[in-house]
file coords-v8.txt (compact mmCIF, C-alpha atoms)
# COMPACT_ATOMS: atom_id res chain seq x y z
CA MET A 1 121.75 103.96 95.65
CA THR A 2 120.69 100.48 96.73
CA SER A 3 118.34 101.88 99.36
CA HIS A 4 116.93 104.17 96.66
CA LYS A 5 116.36 101.17 94.41
CA ARG A 6 114.78 99.25 97.27
CA LEU A 7 112.36 102.10 97.90
CA HIS A 8 111.37 102.08 94.22
CA LEU A 9 110.88 98.31 94.29
CA LYS A 10 108.80 98.57 97.49
CA THR A 11 106.66 101.32 95.91
CA TYR A 12 106.03 99.37 92.69
CA LEU A 13 105.25 96.21 94.64
CA LEU A 14 102.68 97.96 96.83
CA ILE A 15 101.10 99.73 93.82
CA LEU A 16 100.83 96.30 92.19
CA VAL A 17 99.12 94.97 95.33
CA MET A 18 96.74 97.98 95.18
CA ILE A 19 95.72 97.57 91.54
CA ILE A 20 95.09 93.85 92.03
CA ALA A 21 93.56 93.68 95.52
CA GLY A 22 91.17 96.63 94.97
CA PRO A 23 89.55 95.33 91.75
CA LEU A 24 89.59 91.74 93.07
CA GLY A 25 87.73 92.91 96.19
CA ASN A 26 85.04 94.61 94.11
CA LEU A 27 84.77 91.51 91.94
CA MET A 28 84.19 89.30 94.97
CA LEU A 29 81.59 91.69 96.38
CA GLY A 30 79.85 91.52 93.00
CA LYS A 31 80.00 87.72 92.89
CA GLY A 32 78.73 87.42 96.47
CA MET A 33 75.85 89.85 95.93
CA LYS A 34 74.81 88.22 92.64
CA SER A 35 74.43 84.92 94.49
CA ILE A 36 72.15 86.65 97.03
CA GLY A 37 70.02 88.08 94.22
CA LYS A 38 68.48 91.44 93.35
CA ILE A 39 67.85 92.94 96.76
CA THR A 40 65.37 95.62 95.67
CA THR A 41 62.87 92.89 94.77
CA LYS A 42 63.73 90.81 97.83
CA ILE A 43 63.19 93.43 100.54
CA SER A 44 59.64 94.57 101.22
CA SER A 45 59.55 94.38 105.02
CA PRO A 46 61.98 94.98 107.92
CA GLY A 47 62.11 91.23 108.55
CA GLU A 48 63.32 90.58 105.02
CA LEU A 49 65.92 93.34 105.40
CA VAL A 50 67.33 91.58 108.48
CA ASP A 51 67.27 88.29 106.56
CA VAL A 52 69.19 89.74 103.58
CA LEU A 53 71.70 91.46 105.93
CA ALA A 54 72.29 88.12 107.69
CA ARG A 55 72.88 86.44 104.32
CA ILE A 56 75.32 89.20 103.28
CA LEU A 57 77.26 88.94 106.56
CA SER A 58 77.42 85.13 106.39
CA SER A 59 78.72 85.07 102.79
CA GLY A 60 82.33 83.90 102.60
CA THR A 61 82.79 85.53 99.18
CA ILE A 62 81.75 88.93 100.55
CA TRP A 63 84.13 88.63 103.53
CA LEU A 64 86.94 87.67 101.11
CA GLY A 65 86.02 90.78 99.11
CA ILE A 66 86.13 92.93 102.25
CA ALA A 67 89.51 91.39 103.20
CA SER A 68 90.80 92.13 99.70
CA LEU A 69 89.59 95.75 99.89
CA LEU A 70 91.23 96.09 103.32
CA THR A 71 94.50 94.79 101.80
CA PHE A 72 94.15 97.45 99.10
CA PHE A 73 93.52 100.10 101.77
CA VAL A 74 96.52 99.10 103.92
CA ALA A 75 98.82 99.04 100.84
CA TYR A 76 97.48 102.47 99.83
CA MET A 77 98.08 103.93 103.33
CA LEU A 78 101.56 102.39 103.55
CA VAL A 79 102.69 103.66 100.16
CA LEU A 80 101.27 107.12 100.92
CA SER A 81 103.44 107.27 104.04
CA TRP A 82 106.53 107.80 101.85
CA ALA A 83 105.39 108.37 98.24
CA ASP A 84 103.61 111.48 96.96
CA TYR A 85 99.85 111.30 96.61
CA SER A 86 100.15 112.78 93.12
CA TYR A 87 102.47 109.91 92.23
CA VAL A 88 100.39 107.08 93.71
CA GLN A 89 96.91 108.24 92.74
CA PRO A 90 97.38 108.25 88.92
CA ALA A 91 98.75 104.72 89.19
CA SER A 92 95.51 103.71 90.86
CA ALA A 93 93.64 104.96 87.76
CA ILE A 94 94.69 101.70 86.09
CA ALA A 95 92.45 99.90 88.60
CA TYR A 96 89.36 100.93 86.56
CA GLY A 97 90.74 99.06 83.57
CA VAL A 98 91.77 96.08 85.73
CA VAL A 99 88.22 95.82 87.16
CA ALA A 100 86.70 95.55 83.68
CA LEU A 101 89.39 93.11 82.48
CA LEU A 102 89.01 90.81 85.50
CA ALA A 103 85.20 91.05 85.29
CA THR A 104 85.24 89.75 81.71
CA LEU A 105 87.83 87.05 82.47
CA LEU A 106 86.62 85.80 85.85
CA LEU A 107 82.91 86.65 85.98
CA GLY A 108 82.20 86.40 82.24
CA GLU A 109 80.69 89.90 82.13
CA ALA A 110 80.06 91.31 78.66
CA VAL A 111 81.78 94.69 78.21
CA SER A 112 80.67 96.64 75.12
CA PRO A 113 83.23 98.63 73.06
CA LEU A 114 81.53 101.84 74.22
CA ARG A 115 82.03 100.81 77.87
CA TRP A 116 85.72 100.04 77.20
CA ALA A 117 86.04 103.50 75.62
CA GLY A 118 84.33 105.10 78.63
CA ILE A 119 86.61 103.24 81.06
CA ALA A 120 89.67 104.39 79.09
CA VAL A 121 88.46 108.03 79.25
CA ILE A 122 87.85 107.66 83.03
CA CYS A 123 91.41 106.32 83.47
CA VAL A 124 92.81 109.34 81.60
CA GLY A 125 90.57 111.67 83.66
CA VAL A 126 91.67 110.15 86.99
CA PHE A 127 95.29 110.34 85.81
CA VAL A 128 94.92 114.07 84.99
CA VAL A 129 93.21 114.76 88.35
CA GLY A 130 96.05 113.01 90.16
CA HIS A 131 98.70 115.05 88.39
CA THR A 132 97.73 118.22 90.21
CA ASN A 133 99.03 119.74 93.40
CA PRO A 134 97.54 117.66 96.24
CA ARG A 135 97.47 120.55 98.72
CA THR A 136 95.97 123.96 98.12
CA THR A 137 94.31 125.04 101.38
CA GLU A 138 97.24 125.94 103.59
CA ASN A 139 97.85 129.66 103.19
CA PRO A 140 96.30 130.03 99.70
CA ARG A 141 98.08 133.30 98.89
CA SER A 142 101.60 131.98 99.35
CA CYS A 143 100.47 128.81 97.62
CA SER A 144 99.44 130.59 94.44
CA LYS A 145 102.79 132.37 94.48
CA SER A 146 104.73 129.14 94.84
CA SER A 147 102.71 127.48 92.09
CA SER A 148 103.59 130.31 89.71
CA LEU A 149 107.25 129.50 90.42
CA ARG A 150 106.86 125.97 89.09
CA MET B 151 64.76 104.29 90.05
CA PHE B 152 66.75 102.50 92.78
CA GLU B 153 69.87 102.47 90.61
CA VAL B 154 70.17 106.27 90.57
CA LEU B 155 69.45 106.49 94.32
CA PHE B 156 72.13 103.91 95.18
CA PHE B 157 74.71 105.56 92.90
CA ALA B 158 73.91 108.93 94.48
CA LEU B 159 74.39 107.41 97.95
CA ILE B 160 77.69 105.74 96.97
CA VAL B 161 79.06 108.97 95.50
CA VAL B 162 77.65 111.55 97.95
CA ALA B 163 77.69 109.58 101.23
CA GLY B 164 81.00 107.91 100.37
CA THR B 165 82.73 111.19 99.52
CA ALA B 166 81.16 113.10 102.42
CA GLY B 167 82.29 110.28 104.72
CA GLU B 168 85.85 110.56 103.45
CA LEU B 169 85.79 114.33 103.96
CA CYS B 170 84.62 113.83 107.58
CA VAL B 171 87.28 111.18 108.29
CA SER B 172 89.88 113.45 106.69
CA ARG B 173 88.76 116.29 108.97
CA ALA B 174 88.99 114.01 112.03
CA MET B 175 92.46 112.77 111.07
CA LYS B 176 93.68 116.35 110.48
CA ALA B 177 92.52 117.12 114.03
CA ILE B 178 94.77 114.31 115.30
CA GLY B 179 97.72 115.53 113.27
CA GLU B 180 100.37 113.77 111.21
CA VAL B 181 101.17 110.21 112.31
CA HIS B 182 104.92 109.66 112.63
CA ASP B 183 105.09 106.54 114.78
CA PHE B 184 103.93 103.39 113.00
CA ARG B 185 104.51 100.88 115.82
CA PRO B 186 101.34 98.84 116.52
CA ALA B 187 100.97 100.18 120.10
CA SER B 188 101.08 103.82 118.92
CA LEU B 189 98.73 103.08 116.02
CA ILE B 190 96.19 101.68 118.50
CA LYS B 191 96.56 104.89 120.54
CA VAL B 192 95.91 106.95 117.38
CA LEU B 193 92.85 104.80 116.65
CA LEU B 194 91.49 105.27 120.20
CA ARG B 195 92.01 109.02 119.91
CA ALA B 196 90.27 109.04 116.53
CA LEU B 197 87.26 107.24 118.01
CA ARG B 198 86.76 110.12 120.46
CA ILE B 199 86.29 112.62 117.61
CA LYS B 200 82.70 113.24 116.53
CA TRP B 201 83.66 113.69 112.85
CA MET B 202 85.18 110.21 112.76
CA TRP B 203 81.85 108.63 113.75
CA ILE B 204 79.88 110.75 111.27
CA GLY B 205 82.43 109.82 108.58
CA VAL B 206 82.36 106.10 109.35
CA GLY B 207 78.54 106.18 109.41
CA LEU B 208 78.38 107.87 106.00
CA MET B 209 80.99 105.50 104.53
CA THR B 210 78.98 102.54 105.84
CA ILE B 211 75.89 103.87 104.02
CA GLY B 212 78.04 104.18 100.87
CA PHE B 213 79.37 100.62 101.27
CA PHE B 214 75.94 99.03 101.69
CA SER B 215 74.64 101.02 98.71
CA LEU B 216 77.54 99.53 96.70
CA LEU B 217 76.55 96.04 97.86
CA ALA B 218 72.92 96.74 96.95
CA ILE B 219 73.74 97.89 93.44
CA LEU B 220 76.17 94.98 92.90
CA SER B 221 73.26 92.60 93.57
CA PHE B 222 71.77 93.49 90.17
CA ASP B 223 74.38 95.41 88.11
CA ASN B 224 77.71 94.21 86.69
CA VAL B 225 80.97 95.10 88.44
CA SER B 226 82.42 96.41 85.15
CA PHE B 227 79.53 98.91 85.05
CA VAL B 228 79.28 99.88 88.74
CA VAL B 229 82.95 100.54 89.55
CA PRO B 230 83.59 102.94 86.61
CA VAL B 231 80.45 104.93 87.49
CA THR B 232 81.66 105.32 91.10
CA ALA B 233 84.53 107.37 89.62
CA LEU B 234 81.99 110.21 89.92
CA GLY B 235 83.33 110.37 93.48
CA TYR B 236 86.18 112.45 92.01
CA VAL B 237 83.61 114.98 90.81
CA ALA B 238 81.87 115.06 94.22
CA GLY B 239 85.28 115.35 95.90
CA ALA B 240 86.32 118.32 93.77
CA LEU B 241 82.97 120.09 94.21
CA GLY B 242 82.96 119.36 97.96
CA GLY B 243 86.56 120.51 98.28
CA ARG B 244 85.83 123.67 96.30
CA PHE B 245 82.55 124.72 97.93
CA PHE B 246 82.71 123.24 101.47
CA LEU B 247 86.43 123.31 102.28
CA GLY B 248 87.42 126.34 100.17
CA GLU B 249 90.15 124.45 98.30
CA GLN B 250 91.38 125.87 95.04
CA VAL B 251 90.64 123.58 92.12
CA ASN B 252 92.84 124.49 89.15
CA TRP B 253 91.93 124.14 85.47
CA ARG B 254 93.89 120.92 85.12
CA ARG B 255 91.89 119.24 87.84
CA TRP B 256 88.64 120.53 86.29
CA ALA B 257 89.81 119.11 82.95
CA GLY B 258 90.41 115.71 84.57
CA ILE B 259 87.00 115.87 86.22
CA LEU B 260 85.33 116.70 82.88
CA LEU B 261 87.08 113.66 81.37
CA VAL B 262 85.79 111.46 84.22
CA CYS B 263 82.25 112.77 83.55
CA ALA B 264 82.63 112.10 79.80
CA GLY B 265 83.92 108.58 80.51
CA VAL B 266 81.06 107.81 82.91
CA THR B 267 78.58 109.09 80.28
CA LEU B 268 80.06 106.67 77.71
CA VAL B 269 79.90 103.79 80.22
CA VAL B 270 76.24 104.57 80.99
CA ILE B 271 75.33 104.89 77.28
CA GLY B 272 77.24 101.67 76.56
CA LYS B 273 75.20 99.75 79.10
CA GLY B 274 72.27 99.04 76.80

call {"tool": "encode", "arguments": {"input": "coords-v8.txt", "output": "structure tokens"}}
result
Amino acid sequence: MTSHKRLHLKTYLLILVMIIAGPLGNLMLGKGMKSIGKITTKISSPGELVDVLARILSSGTIWLGIASLLTFFVAYMLVLSWADYSYVQPASAIAYGVVALLATLLLGEAVSPLRWAGIAVICVGVFVVGHTNPRTTENPRSCSKSSSLR
Amino acid sequence: MFEVLFFALIVVAGTAGELCVSRAMKAIGEVHDFRPASLIKVLLRALRIKWMWIGVGLMTIGFFSLLAILSFDNVSFVVPVTALGYVAGALGGRFFLGEQVNWRRWAGILLVCAGVTLVVIGKG
């Protein structure tokens, strides 16, 4: 019972790490790239491309973002090693809401009501996608039989 | 229209990259031993598989496209639109890997499309 509880706690903790580290990573990438400036107007020759790449790779904010996304990825891989994909993946749908929330709070982005509505619909969509059988390729015939048993 | 091109690269190259990495990892087989030394062995084996390199290359293209688009669009706009990766994943799974996509998953994918449409309309 206690080991069962501990497993639940570990799962929730790692999902929490996922839905914070993932959005935070994207936020930092956004902040870092905004400080570099609109790259499509900056790059018109190979030399400028190298220059912009050097600025991207020397930006501390972008490396923090990459580290944060790696943290998300490791937490995701770890939790998938014992929890079902169809359990973990819907939880990660919340991340789309967290991104928008953190972007308004930390970066001062303006999110229109229509965008909030769209994000909510995406969350529901990702949740529904996640609540399906994660494996369908192995022996499809027996698979369709077993799914009719559910 | 750089925006559309970058979004297409994020969604298509990113998803195709994941499919390639997935194919490479399936070739290695399920990982049971999570000690650092064995994980390094798994990594070295993965690096010898052609699909891993194709996958990592495609995912790199997707990542730099994300950086490019973040240089002029808001995070709260870009990240929701990248949810289209679920659509690409389902279509790729259905038509390239022969996976069965049931009605529930299609319903979820339609919802993702509807949500992305709202986000795009709400941009102005």

call {"tool": "interface_residues", "arguments": {"input": "coords-v8.txt", "of": "chain B", "to": "chain A", "cutoff": "8 Å", "atoms": "all atoms listed in the file", "output": "PyMOL selection string"}}
result
chain B and resi 152+217-218+220-222+224-227+229-230+233+236+248-250+254-273

call {"tool": "residues_around", "arguments": {"input": "coords-v8.txt", "residues": "range 10-13 of chain A", "least_positions_apart": "6", "cutoff": "9 Å", "atoms": "all atoms listed in the file", "output": "list in words"}}
result
Val79, Trp82, Ala83 and Val88 of chain A

call {"tool": "closest_residue", "arguments": {"input": "coords-v8.txt", "among": "B:Gly167, B:Gly205, B:Gly212, B:Gly235", "to": "Leu155 in chain B", "atoms": "all atoms listed in the file"}}
result
B:Gly212

call {"tool": "atom_distance", "arguments": {"input": "coords-v8.txt", "atom1": "CA of Met175 in chain B", "atom2": "CA of Arg244 in chain B"}}
result
19.5 Å

call {"tool": "atom_distance", "arguments": {"input": "coords-v8.txt", "atom1": "CA of Met77 in chain A", "atom2": "CA of Leu24 in chain A"}}
result
18.1 Å

call {"tool": "residues_around", "arguments": {"input": "coords-v8.txt", "residues": "Ser215 in chain B", "least_positions_apart": "3", "cutoff": "7 Å", "atoms": "only C-alpha atoms", "output": "PDB file with C-alpha atoms, in the coordinates of the input"}}
result
ATOM      1  CA  PHE B 156      72.130 103.910  95.180  1.00  0.00           C
ATOM      2  CA  LEU B 159      74.390 107.410  97.950  1.00  0.00           C
ATOM      3  CA  ILE B 160      77.690 105.740  96.970  1.00  0.00           C
ATOM      4  CA  ILE B 211      75.890 103.870 104.020  1.00  0.00           C
ATOM      5  CA  GLY B 212      78.040 104.180 100.870  1.00  0.00           C
ATOM      6  CA  ALA B 218      72.920  96.740  96.950  1.00  0.00           C
ATOM      7  CA  ILE B 219      73.740  97.890  93.440  1.00  0.00           C
TER       8      ILE B 219
END

call {"tool": "atom_distance", "arguments": {"input": "coords-v8.txt", "atom1": "CA of Ala238 in chain B", "atom2": "CA of Ser92 in chain A"}}
result
18.1 Å

call {"tool": "axis_aligned_box", "arguments": {"input": "coords-v8.txt", "around": "range 166-182 of chain B", "padding_each_side": "8 Å", "output": "JSON"}}
result
{"center_x": 93.0, "center_y": 113.4, "center_z": 108.9, "size_x": 39.8, "size_y": 23.5, "size_z": 28.9}

call {"tool": "closest_residue", "arguments": {"input": "coords-v8.txt", "among": "A:Gly108, A:Gly47, A:Gly25, A:Pro90", "to": "Ser68 in chain A", "atoms": "all atoms listed in the file"}}
result
A:Gly25
